[in-house]
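Structure file data.txt; described as compact mmCIF, C-alpha atoms and all ligand atoms.
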```txt
# COMPACT_ATOMS: atom_id res chain seq x y z
CA MET A 45 -15.34 25.21 6.72
CA ALA A 46 -18.73 24.17 8.07
CA SER A 47 -17.39 23.17 11.48
CA ASP A 48 -14.25 23.36 13.55
CA ARG A 49 -13.50 19.72 12.74
CA LEU A 50 -12.32 18.54 9.38
CA SER A 51 -14.32 15.76 7.72
CA ILE A 52 -11.87 13.49 5.91
CA ALA A 53 -11.98 10.67 3.36
CA LEU A 54 -9.08 8.19 3.41
CA VAL A 55 -8.49 7.05 -0.19
CA GLY A 56 -6.57 3.82 -0.87
CA ALA A 57 -7.87 2.88 2.58
CA THR A 58 -7.46 -0.89 2.32
CA GLY A 59 -3.81 -0.62 1.24
CA MET A 60 -1.41 -2.81 3.16
CA VAL A 61 1.50 -0.46 3.87
CA ALA A 62 0.75 3.24 4.40
CA ALA A 63 -3.01 3.00 4.99
CA PRO A 64 -2.86 1.47 8.51
CA ALA A 65 -0.55 4.28 9.68
CA HIS A 66 -2.90 6.89 8.18
CA MET A 67 -5.94 5.19 9.69
CA ASN A 68 -4.33 5.25 13.13
CA GLY A 69 -3.31 8.89 12.64
CA LEU A 70 -6.74 10.07 11.46
CA GLN A 71 -8.60 8.20 14.18
CA ALA A 72 -6.36 9.80 16.82
CA ALA A 73 -6.49 13.33 15.38
CA PRO A 74 -8.42 15.55 17.83
CA ASN A 75 -9.68 17.98 15.15
CA ALA A 76 -10.82 15.56 12.45
CA SER A 77 -13.51 12.99 11.79
CA LEU A 78 -12.90 10.02 9.54
CA TYR A 79 -16.06 10.43 7.45
CA ALA A 80 -15.30 8.04 4.57
CA VAL A 81 -13.00 5.32 3.35
CA CYS A 82 -12.47 4.69 -0.36
CA ASP A 83 -10.77 1.89 -2.26
CA VAL A 84 -11.33 0.03 -5.52
CA ASP A 85 -11.38 -3.19 -3.51
CA ASP A 86 -15.16 -3.40 -3.02
CA GLU A 87 -15.38 -6.16 -0.42
CA ARG A 88 -12.54 -4.98 1.77
CA VAL A 89 -13.59 -1.33 1.75
CA SER A 90 -17.17 -2.22 2.82
CA GLU A 91 -15.79 -4.31 5.67
CA LEU A 92 -13.40 -1.54 6.68
CA GLY A 93 -16.16 1.08 6.57
CA GLU A 94 -18.27 -1.00 8.95
CA GLN A 95 -15.34 -1.66 11.21
CA VAL A 96 -14.36 2.01 11.63
CA GLY A 97 -17.84 3.56 11.33
CA ALA A 98 -17.14 5.42 8.09
CA LYS A 99 -19.03 5.62 4.78
CA ALA A 100 -17.48 3.27 2.20
CA PHE A 101 -16.86 4.31 -1.42
CA THR A 102 -15.38 2.45 -4.36
CA SER A 103 -15.47 5.51 -6.61
CA PHE A 104 -13.16 8.46 -6.02
CA ASP A 105 -15.49 10.66 -8.13
CA GLU A 106 -18.31 9.93 -5.69
CA VAL A 107 -16.07 10.91 -2.77
CA LEU A 108 -15.39 14.23 -4.49
CA ALA A 109 -19.10 14.76 -5.18
CA ASP A 110 -20.00 14.32 -1.49
CA PRO A 111 -20.41 17.76 0.12
CA ASN A 112 -19.64 16.30 3.57
CA VAL A 113 -16.04 15.66 2.56
CA ASP A 114 -13.75 18.62 3.37
CA ALA A 115 -10.47 16.92 2.58
CA VAL A 116 -9.00 13.75 1.08
CA ASP A 117 -6.01 11.81 2.35
CA LEU A 118 -4.46 9.97 -0.61
CA VAL A 119 -2.58 6.77 0.19
CA THR A 120 -2.97 5.49 -3.34
CA PRO A 121 0.01 4.49 -5.53
CA PRO A 122 1.99 7.37 -7.09
CA PHE A 123 0.70 6.81 -10.65
CA LEU A 124 -2.69 8.08 -9.40
CA HIS A 125 -1.46 11.03 -7.35
CA ALA A 126 -1.50 13.74 -10.01
CA ALA A 127 -4.97 13.00 -11.42
CA GLN A 128 -6.54 12.52 -7.97
CA THR A 129 -4.89 15.60 -6.45
CA ILE A 130 -5.99 17.82 -9.35
CA ALA A 131 -9.55 16.43 -9.39
CA ALA A 132 -9.82 17.02 -5.64
CA ALA A 133 -8.71 20.65 -5.97
CA ARG A 134 -11.33 21.21 -8.68
CA ALA A 135 -13.95 19.76 -6.32
CA GLY A 136 -12.80 22.19 -3.59
CA LYS A 137 -11.23 19.54 -1.34
CA HIS A 138 -7.97 19.92 0.56
CA VAL A 139 -5.43 17.16 -0.10
CA TYR A 140 -2.79 15.23 1.77
CA CYS A 141 -0.94 13.27 -0.91
CA GLU A 142 1.65 10.64 -0.03
CA LYS A 143 5.13 10.90 -1.52
CA PRO A 144 6.42 10.62 -4.21
CA MET A 145 3.99 13.30 -5.32
CA ALA A 146 4.07 12.40 -9.04
CA HIS A 147 6.03 10.78 -11.86
CA SER A 148 7.14 14.02 -13.54
CA LEU A 149 7.74 17.66 -12.68
CA ALA A 150 5.02 18.69 -15.14
CA GLU A 151 2.53 16.65 -13.11
CA ALA A 152 3.81 18.20 -9.88
CA ASP A 153 3.44 21.70 -11.34
CA ALA A 154 -0.14 20.96 -12.40
CA MET A 155 -0.98 19.67 -8.91
CA ILE A 156 0.43 22.79 -7.25
CA ALA A 157 -1.33 25.10 -9.72
CA ALA A 158 -4.70 23.35 -9.29
CA HIS A 159 -4.65 23.93 -5.53
CA ARG A 160 -3.40 27.48 -5.86
CA GLU A 161 -6.29 28.25 -8.21
CA ALA A 162 -8.86 26.49 -6.01
CA GLY A 163 -7.60 28.09 -2.78
CA THR A 164 -7.32 24.64 -1.21
CA ILE A 165 -4.37 23.27 0.76
CA LEU A 166 -2.03 20.65 -0.68
CA MET A 167 0.38 18.91 1.65
CA ILE A 168 2.71 16.13 0.52
CA GLY A 169 3.07 13.21 2.93
CA GLU A 170 6.75 13.36 3.85
CA SER A 171 6.78 11.52 7.15
CA TYR A 172 10.55 11.80 7.66
CA VAL A 173 10.43 15.54 8.39
CA PHE A 174 7.91 14.76 11.14
CA HIS A 175 9.99 11.89 12.53
CA ARG A 176 10.58 12.92 16.14
CA PRO A 177 14.37 12.41 16.39
CA ILE A 178 14.82 14.31 13.11
CA VAL A 179 12.66 17.17 14.46
CA VAL A 180 14.68 17.20 17.70
CA ALA A 181 17.94 17.30 15.71
CA ARG A 182 16.69 20.23 13.66
CA LYS A 183 15.88 22.17 16.85
CA ALA A 184 19.41 21.53 18.16
CA ILE A 185 20.86 22.86 14.87
CA GLU A 186 18.60 25.94 14.99
CA GLN A 187 19.83 26.60 18.51
CA GLY A 188 23.39 26.66 17.20
CA GLU A 189 24.46 23.50 19.08
CA ILE A 190 26.79 22.40 16.25
CA GLY A 191 27.49 25.78 14.64
CA ILE A 192 27.31 26.05 10.86
CA VAL A 193 26.35 22.74 9.24
CA THR A 194 28.96 21.51 6.77
CA HIS A 195 28.14 17.83 6.05
CA ILE A 196 25.13 15.54 6.28
CA ARG A 197 25.74 11.81 5.96
CA GLU A 198 22.80 9.45 5.68
CA THR A 199 23.30 5.69 5.90
CA LYS A 200 20.59 3.14 5.45
CA GLY A 201 20.73 -0.56 6.23
CA PRO A 202 17.84 -2.91 5.58
CA TRP A 203 14.89 -2.32 7.89
CA LEU A 204 14.05 -5.16 10.21
CA MET A 205 10.34 -5.86 10.52
CA ARG A 206 8.62 -6.68 13.80
CA ASP A 207 7.09 -10.19 13.98
CA GLU A 208 3.58 -8.69 14.30
CA GLU A 209 4.07 -6.61 11.13
CA SER A 210 5.53 -9.59 9.31
CA ASP A 211 2.53 -11.73 10.35
CA ARG A 212 0.10 -8.99 9.25
CA LEU A 213 1.72 -9.07 5.79
CA SER A 214 1.89 -12.90 5.72
CA GLY A 215 5.66 -12.75 5.78
CA ARG A 216 5.94 -10.47 2.75
CA SER A 217 8.07 -7.35 2.57
CA HIS A 218 6.49 -3.94 2.03
CA GLU A 219 7.65 -4.15 -1.60
CA ALA A 220 5.95 -7.49 -2.19
CA SER A 221 2.80 -6.30 -0.38
CA ALA A 222 2.44 -3.38 -2.80
CA PRO A 223 3.78 -4.75 -6.13
CA TRP A 224 3.45 -1.42 -8.02
CA ARG A 225 6.46 -0.33 -5.93
CA ILE A 226 8.82 -2.59 -7.89
CA ASP A 227 7.26 -2.01 -11.31
CA SER A 228 9.29 0.29 -13.58
CA LYS A 229 6.30 2.21 -14.92
CA LEU A 230 3.81 2.05 -12.05
CA SER A 231 6.44 3.15 -9.53
CA GLY A 232 7.70 5.80 -11.94
CA GLY A 233 11.33 4.82 -11.25
CA GLY A 234 12.23 3.04 -14.52
CA GLN A 235 15.32 0.94 -13.84
CA PHE A 236 15.31 2.08 -10.20
CA PRO A 237 11.80 1.67 -8.77
CA TRP A 238 12.94 1.51 -5.15
CA THR A 239 14.84 4.79 -5.52
CA MET A 240 11.70 6.53 -6.79
CA ASP A 241 9.88 5.39 -3.68
CA HIS A 242 12.60 6.07 -1.14
CA ALA A 243 14.81 8.94 -2.36
CA PRO A 244 12.22 11.65 -1.54
CA HIS A 245 12.67 10.68 2.11
CA PHE A 246 16.43 11.07 2.21
CA PHE A 247 16.47 14.30 0.23
CA ALA A 248 13.71 15.76 2.42
CA THR A 249 15.56 14.77 5.60
CA ALA A 250 18.82 16.34 4.46
CA ARG A 251 17.16 19.55 3.24
CA TYR A 252 15.15 19.89 6.46
CA LEU A 253 18.36 19.61 8.49
CA ALA A 254 20.59 21.66 6.15
CA SER A 255 18.12 24.54 6.08
CA ALA A 256 18.27 24.83 9.89
CA SER A 257 21.94 25.82 9.75
CA PRO A 258 22.31 29.30 11.30
CA GLY A 259 22.31 32.00 8.61
CA SER A 260 21.11 29.62 5.90
CA ASN A 261 18.44 31.07 3.64
CA SER A 262 18.49 28.73 0.67
CA THR A 263 18.83 25.00 0.28
CA ASN A 264 18.47 24.25 -3.37
CA ILE A 265 20.51 21.30 -4.60
CA ASP A 266 23.25 22.30 -7.06
CA SER A 267 24.09 18.88 -8.44
CA ILE A 268 23.69 15.17 -7.78
CA THR A 269 25.91 12.20 -8.56
CA ALA A 270 24.45 8.71 -8.11
CA HIS A 271 26.07 5.30 -8.45
CA SER A 272 24.34 1.99 -8.97
CA GLN A 273 25.45 -1.56 -8.31
CA THR A 274 24.32 -4.71 -9.99
CA GLY A 275 24.20 -8.12 -8.41
CA GLU A 276 22.97 -9.32 -5.08
CA THR A 277 21.10 -6.66 -3.12
CA PRO A 278 19.98 -8.40 0.08
CA SER A 279 17.83 -5.56 1.37
CA ARG A 280 15.73 -5.53 -1.76
CA ARG A 281 15.49 -9.22 -2.49
CA ILE A 282 11.75 -9.71 -2.96
CA PRO A 283 10.55 -13.18 -1.90
CA GLY A 284 9.43 -15.09 -4.95
CA THR A 285 10.68 -12.56 -7.47
CA GLY A 286 14.44 -12.46 -6.95
CA GLY A 287 14.46 -8.69 -6.63
CA PRO A 288 13.25 -5.77 -8.72
CA THR A 289 16.01 -5.59 -11.32
CA GLY A 290 19.12 -6.88 -9.60
CA GLN A 291 20.37 -3.33 -9.90
CA ALA A 292 20.14 -0.64 -7.26
CA ILE A 293 21.35 2.88 -6.57
CA THR A 294 23.47 2.48 -3.47
CA ASN A 295 25.36 5.76 -3.31
CA VAL A 296 24.20 9.35 -3.89
CA ALA A 297 26.20 12.55 -3.28
CA TRP A 298 24.92 16.10 -3.63
CA SER A 299 25.57 19.67 -2.55
CA PHE A 300 23.18 22.34 -1.34
CA ASP A 301 23.71 25.93 -2.43
CA ASN A 302 24.19 27.02 1.19
CA GLY A 303 27.46 25.06 1.18
CA VAL A 304 26.28 21.91 2.97
CA ASN A 305 27.36 18.77 1.20
CA SER A 306 25.50 15.58 1.68
CA SER A 307 25.42 11.91 0.86
CA TRP A 308 23.28 8.82 1.22
CA ASN A 309 24.52 5.25 1.20
CA GLN A 310 22.69 1.96 1.20
CA ILE A 311 24.61 -0.61 3.22
CA GLU A 312 24.46 -4.18 1.97
CA SER A 313 26.75 -5.80 4.53
CA GLY A 314 26.10 -8.94 6.57
CA ASP A 315 23.47 -9.44 9.24
CA ASP A 316 25.56 -8.46 12.22
CA ALA A 317 26.42 -5.03 10.87
CA VAL A 318 22.97 -4.53 9.41
CA ALA A 319 21.31 -4.81 12.81
CA ARG A 320 23.36 -1.85 14.02
CA ILE A 321 22.66 0.49 11.14
CA GLY A 322 18.95 1.06 10.41
CA PHE A 323 18.66 4.61 9.13
CA GLN A 324 21.38 6.86 10.55
CA VAL A 325 21.97 10.52 9.93
CA GLN A 326 25.17 12.24 10.99
CA ILE A 327 25.14 16.02 10.85
CA HIS A 328 28.53 17.65 11.18
CA GLY A 329 29.00 21.33 11.87
CA SER A 330 31.70 23.84 12.68
CA GLY A 331 31.09 23.31 16.43
CA GLY A 332 30.07 19.66 16.83
CA SER A 333 28.13 16.71 15.43
CA LEU A 334 24.70 15.17 15.90
CA PHE A 335 24.09 11.44 15.43
CA VAL A 336 20.44 10.68 14.72
CA PHE A 337 18.52 7.46 14.15
CA GLY A 338 15.61 7.84 11.78
CA GLU A 339 12.94 5.40 10.54
CA GLY A 340 13.86 1.85 11.49
CA GLY A 341 17.11 3.15 12.95
CA GLY A 342 18.66 2.11 16.22
CA THR A 343 19.15 -1.44 17.39
CA PRO A 344 16.89 -4.45 17.92
CA PRO A 345 16.28 -5.89 21.39
CA GLY A 346 19.27 -7.76 22.78
CA ARG A 347 21.83 -5.54 21.06
CA PRO A 348 23.62 -2.59 22.67
CA GLN A 349 20.97 0.13 22.73
CA VAL A 350 21.53 3.56 21.23
CA ALA A 351 19.86 6.89 21.91
CA ALA A 352 17.72 8.43 19.17
CA VAL A 353 19.76 11.64 19.09
CA THR A 354 23.25 12.23 20.51
CA LEU A 355 25.21 15.48 20.46
CA HIS A 356 29.01 15.25 20.28
CA LYS A 357 30.62 18.54 21.18
CA GLU A 358 33.72 19.81 22.95
CA GLY A 359 34.87 16.27 23.74
CA VAL A 360 31.58 15.36 25.46
CA SER A 361 28.72 13.17 24.20
CA GLN A 362 25.26 14.07 25.41
CA VAL A 363 21.95 12.30 24.79
CA VAL A 364 19.52 14.85 23.36
CA ASP A 365 16.64 12.45 22.82
CA GLU A 366 16.12 8.96 24.25
CA ALA A 367 14.82 6.08 22.19
CA ASP A 368 11.16 5.05 21.99
CA PRO A 369 10.64 1.33 21.36
CA SER A 370 6.85 1.41 21.04
CA ASP A 371 6.43 1.52 17.28
CA ARG A 372 4.26 -0.95 15.41
CA VAL A 373 6.35 -1.63 12.31
CA TRP A 374 10.13 -1.90 12.60
CA LEU A 375 12.22 -3.94 15.02
CA SER A 376 14.25 -1.19 16.57
CA ASN A 377 14.62 0.68 19.84
CA ASN A 378 13.75 3.99 18.20
CA ASN A 379 11.36 4.11 15.39
CA TYR A 380 8.19 6.25 15.36
CA TYR A 381 6.70 5.04 12.04
CA ASP A 382 3.07 5.59 13.06
CA ALA A 383 3.94 8.60 15.22
CA SER A 384 5.51 10.49 12.33
CA HIS A 385 2.47 9.88 10.10
CA GLN A 386 0.18 10.95 12.91
CA ASP A 387 2.16 14.14 13.58
CA ALA A 388 2.18 14.99 9.87
CA LEU A 389 -1.57 14.42 9.45
CA GLU A 390 -2.42 16.43 12.58
CA HIS A 391 -0.24 19.26 11.29
CA TRP A 392 -2.10 19.21 7.94
CA ILE A 393 -5.51 19.20 9.66
CA ASP A 394 -4.61 21.96 12.12
CA SER A 395 -3.04 24.12 9.37
CA ILE A 396 -6.21 23.91 7.26
CA LEU A 397 -8.41 24.79 10.23
CA ALA A 398 -6.13 27.66 11.29
CA GLY A 399 -5.52 28.92 7.74
CA THR A 400 -1.75 28.71 8.23
CA PRO A 401 0.82 27.34 5.73
CA VAL A 402 1.74 23.68 5.87
CA ARG A 403 5.30 22.84 6.69
CA TYR A 404 5.66 20.40 3.74
CA SER A 405 3.87 21.85 0.72
CA GLY A 406 3.49 20.85 -2.92
CA GLU A 407 6.51 23.05 -3.68
CA ASP A 408 8.54 21.07 -1.13
CA GLY A 409 7.41 17.78 -2.64
CA ARG A 410 8.41 19.08 -6.07
CA LEU A 411 11.97 19.84 -4.87
CA GLU A 412 12.40 16.27 -3.64
CA LEU A 413 10.82 14.88 -6.82
CA ALA A 414 13.27 16.90 -8.96
CA ALA A 415 16.17 15.57 -6.89
CA THR A 416 14.86 12.00 -7.14
CA LEU A 417 14.49 12.19 -10.93
CA ALA A 418 17.97 13.77 -11.20
CA THR A 419 19.34 10.87 -9.12
CA ILE A 420 17.87 8.28 -11.47
CA MET A 421 19.06 10.23 -14.53
CA SER A 422 22.55 10.48 -13.01
CA ALA A 423 22.76 6.72 -12.36
CA GLU A 424 21.42 5.88 -15.81
CA GLU A 425 23.64 8.30 -17.71
CA LYS A 426 26.68 7.99 -15.40
CA ARG A 427 27.10 11.74 -15.03
CA THR A 428 26.41 14.51 -12.55
CA VAL A 429 22.94 16.05 -12.98
CA ALA A 430 21.46 19.31 -11.64
CA PRO A 431 17.80 18.97 -10.58
CA VAL A 432 17.00 22.22 -12.45
CA ASP A 433 18.10 20.51 -15.68
CA VAL A 434 15.50 17.71 -15.42
CA PRO A 435 12.97 18.46 -18.20
CA ALA A 436 9.43 19.01 -16.92
CA GLU A 437 7.97 16.14 -18.95
CA TRP A 438 10.83 13.70 -18.25
CA THR A 439 9.94 10.42 -16.60
CA ALA A 440 12.33 7.67 -15.57
CA TYR A 441 10.51 4.96 -17.58
N1 LIG B 1 5.66 8.08 4.22
C1 LIG B 1 5.94 6.80 4.32
O1 LIG B 1 6.71 6.42 5.15
C2 LIG B 1 5.25 5.82 3.39
C3 LIG B 1 5.24 4.48 3.69
C4 LIG B 1 4.59 3.60 2.83
C5 LIG B 1 4.00 4.07 1.68
N2 LIG B 1 4.05 5.40 1.40
C6 LIG B 1 3.40 5.92 0.17
O2 LIG B 1 2.00 5.71 0.28
C7 LIG B 1 1.45 5.46 -1.02
C8 LIG B 1 0.71 4.10 -0.98
O3 LIG B 1 1.66 3.08 -0.78
P1 LIG B 1 1.28 1.63 -0.19
O4 LIG B 1 2.51 0.86 -0.14
O5 LIG B 1 0.48 1.77 1.04
O6 LIG B 1 0.36 1.06 -1.38
P2 LIG B 1 -0.69 -0.12 -1.40
O7 LIG B 1 -0.63 -0.71 -2.76
O8 LIG B 1 -0.53 -1.03 -0.22
O9 LIG B 1 -2.09 0.64 -1.21
C9 LIG B 1 -2.67 1.40 -2.21
C10 LIG B 1 -4.19 1.22 -2.14
O10 LIG B 1 -4.78 2.08 -3.12
C11 LIG B 1 -5.89 1.39 -3.68
N3 LIG B 1 -6.29 1.99 -4.96
C12 LIG B 1 -5.76 1.76 -6.18
N4 LIG B 1 -6.42 2.50 -7.11
C13 LIG B 1 -7.36 3.24 -6.45
C14 LIG B 1 -8.33 4.18 -6.85
N5 LIG B 1 -8.46 4.55 -8.14
N6 LIG B 1 -9.12 4.72 -5.91
C15 LIG B 1 -9.03 4.35 -4.61
N7 LIG B 1 -8.11 3.45 -4.16
C16 LIG B 1 -7.29 2.89 -5.08
C17 LIG B 1 -5.40 -0.04 -3.81
O11 LIG B 1 -6.49 -0.96 -3.96
C18 LIG B 1 -4.66 -0.21 -2.48
O12 LIG B 1 -5.53 -0.68 -1.47
C19 LIG B 1 2.62 5.49 -1.98
O13 LIG B 1 2.71 6.75 -2.57
C20 LIG B 1 3.83 5.22 -1.09
O14 LIG B 1 5.04 5.73 -1.59
C21 LIG B 1 4.65 6.27 2.23
```
In structure tokens, what does this structure look like?
Ligand SMILES: NC(=O)c1ccc[n+]([C@@H]2O[C@H](COP(=O)([O-])OP(=O)(O)OC[C@H]3O[C@@H](n4cnc5c(N)ncnc54)[C@H](O)[C@@H]3O)[C@@H](O)[C@H]2O)c1
Amino acid sequence: MASDRLSIALVGATGMVAAPAHMNGLQAAPNASLYAVCDVDDERVSELGEQVGAKAFTSFDEVLADPNVDAVDLVTPPFLHAAQTIAAARAGKHVYCEKPMAHSLAEADAMIAAHREAGTILMIGESYVFHRPIVVARKAIEQGEIGIVTHIRETKGPWLMRDEESDRLSGRSHEASAPWRIDSKLSGGGQFPWTMDHAPHFFATARYLASASPGSNSTNIDSITAHSQTGETPSRRIPGTGGPTGQAITNVAWSFDNGVNSSWNQIESGDDAVARIGFQVQIHGSGGSLFVFGEGGGTPPGRPQVAAVTLHKEGVSQVVDEADPSDRVWLSNNNYYDASHQDALEHWIDSILAGTPVRYSGEDGRLELAATLATIMSAEEKRTVAPVDVPAEWTAY
């Protein structure tokens, strides 16, 4: 490294959803300089470059050819991740690649191998394992606060957007703002595009928490059973399109080989209940339980407020982490959307500079990708699927 600061190019920089969080994170990172922005949208990327004082590129190849670029932060759609991550490794650039890392395990393997061979660092952008309440909950588990973890229950209601975020997106949802996300092939999710985009988060969260259980040394997933529902899916109704397919995976159950069993449920109930759900994680152990609110979790203003993390133990409930209402994106009293991206990016930058391993590597991303593909296969084929049985070349479309 030429200096003690990392010179970074943000790629997919004019994107509407993840890019603003990455821009905020990179601009705030003490050990990095935002050297370049890159996007295929010529006009918008020039404007953005001027606005943030960075060199503007429309060609990713030209970014890779620029010797001033140490590392690239990819917030491009997933169908580009494999090719861009591999090309960057060959050009000697470190990579932060947003989840889902690829469409197939073969692609993921090639991405990991390219960086191993180049000696560059690949980190997958899994913001949930940097989400502050989730990190706090993991520490409590490591400290033995709830004993041996036995069950993890994740429940997701529709996220509620802040007015400012809604105005920024002209009233569109995140799905409608980035239409590849609901396309069978471009998303990589076949019949279940939304699952391809979201399942890496819930598998990563559960594995991060399950692996903190005292004495646990392995958290591979043995098997996964997923159920889908057809019909009205209010949380995924896309304005103007009527929804991705009218079909959604709403229930997933799996077991880790350290004995923790886990599930995720999408709640499609009415407005009143929805406002009290957000993203909740309950972690139950031999000595107590932790209730955690993750991304978009908690309650909107005017509703009874909840703490971000509560420990229930020996008949007493104790707040372990208060809520933080300051987030930019979701309408909730504890949220941390930008903060989790910022923490993840700073960790990537500092790990590269220090030469230490990243906490969410390509191998980690591959585990969640295998689980996500197994989930889709399970729902399609109506059977239980082991992630190790997903063929390397298999895609969901
Ligand atoms: N961790 C999280 O919480 C989180 C949240 C949102 C999105 N994401 C992930 O971030 C990624 C981007 O999602 P998004 O919703 O922001 O997408 P988006 O469609 O809003 O943005 C993608 C951008 O990439 C640009 N692009 C396309 N092809 C390009 C190329 N060849 N070179 C350079 N730029 C190119 C597009 O013009 C667009 O501006 C996805 O993988 C998504 O899953 C993660």
Could you state the separation of atom CA of Ser257 of chain A and atom CA of Met145 of chain A in Å, given to one decimal place?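 That distance, rounded to one decimal, is 26.6 Å.
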Would you kindly return, as a list in words, each protein, DNA or RNA residue with an atom no farther than 7 Å from any atom of Ala423 of chain A, considering only C-alpha atoms and excluding same-chain residues fewer than 3 positions away? Ala270, His271, Ser272, Thr419, Ile420 and Lys426 of chain A
Between atom CA of Pro258 of chain A and atom CA of Ala351 of chain A - distance in Å to one decimal: 24.9 Å
Between segment 108-135 of chain A and segment 223-243 of chain A, at 8 Å or less, what are the per-residue closest atom pairs and their distances in Å? Count all atoms listed in the file, order by chain and rising residue number, and return it as a tab-separated table.
```
residue	atom	partner	partner_atom	distance
A:Pro121	CA	A:Trp224	CA	7.3
A:Pro122	CA	A:Ser231	CA	6.6
A:Phe123	CA	A:Leu230	CA	5.9
```
Restricting to all atoms listed in the file, whichever of A:Gly340, A:Gly329, A:Gly136, A:Pro435 is closest to ligand LIG 1 (chain B) is A:Gly340
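If you measure from each of A:Tyr252, A:Trp298, A:Trp203, A:Tyr79 to Asn379 of chain A using all atoms listed in the file, the closest one turns out to be A:Trp203.
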Counting all atoms listed in the file, which of A:Asn68, A:Asn264, A:Gln187, A:Ser217 gets nearest to ligand LIG 1 (chain B)?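 Using all atoms listed in the file, ligand LIG 1 (chain B) sits closest to A:Ser217.
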Could you list, as a list in words, all the residues within 6 Å of ligand LIG 1 (chain B), counting all atoms listed in the file? Val55, Gly56, Ala57, Thr58, Gly59, Met60, Val61, Ala62, Ala63, Cys82, Asp83, Val84, Asp85, Phe104, Val119, Thr120, Pro121, Pro122, Glu142, Lys143, Pro144, Gly169, Glu170, Ser171, Ala222 and Asp241 of chain A
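Separating atom CA of Glu208 of chain A from atom CA of Gln349 of chain A is a distance of 21.2 Å.
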Shell around Glu151 of chain A at 10 Å using all atoms listed in the file, local window under 2 positions removed, as a compact mmCIF listing (two decimals) with C-alpha atoms, keeping the file's coordinate frame:
```txt
# COMPACT_ATOMS: atom_id res chain seq x y z
CA HIS A 125 -1.46 11.03 -7.35
CA ALA A 126 -1.50 13.74 -10.01
CA ALA A 127 -4.97 13.00 -11.42
CA ILE A 130 -5.99 17.82 -9.35
CA MET A 145 3.99 13.30 -5.32
CA ALA A 146 4.07 12.40 -9.04
CA HIS A 147 6.03 10.78 -11.86
CA SER A 148 7.14 14.02 -13.54
CA LEU A 149 7.74 17.66 -12.68
CA ASP A 153 3.44 21.70 -11.34
CA ALA A 154 -0.14 20.96 -12.40
CA MET A 155 -0.98 19.67 -8.91
CA ILE A 156 0.43 22.79 -7.25
CA ALA A 157 -1.33 25.10 -9.72
CA ARG A 410 8.41 19.08 -6.07
CA ALA A 436 9.43 19.01 -16.92
CA GLU A 437 7.97 16.14 -18.95
```
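Take the candidates A:Asn261, A:Ser221, A:Thr199, A:Ser333 and check each one against Trp308 of chain A using all atoms listed in the file; the shortest distance goes to A:Thr199.
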Determine the nearest neighbour of Ala383 of chain A from the options A:Gly163, A:Arg88, A:Val173, A:Ala158, counting all atoms listed in the file.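 Smallest separation from Ala383 of chain A among the options: A:Val173.
Restricting the calculation to all atoms listed in the file, the smallest distance between Asp110 of chain A and any of A:Ser77, A:Ser90, A:Ser51, A:Thr164 is found for A:Ser51.
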Could you name the residues that touch Arg251 of chain A at 12 Å or less, counting all atoms listed in the file, but leaving out those on the same chain fewer than 6 positions away, as a count of residues only? 35
Quick one: residues within 12 Å of Val402 of chain A, all atoms listed in the file, excluding same-chain residues fewer than 6 positions away - as a ChimeraX atom specification? /A:138-140,164-170,388-396,408-409
Within 12 Å of Glu209 of chain A, counting all atoms listed in the file, which residues show up once you throw out same-chain ones fewer than 6 positions away? Write them as a PyMOL selection string, please. chain A and resi 60-61+64-65+215-218+221+371-375+381
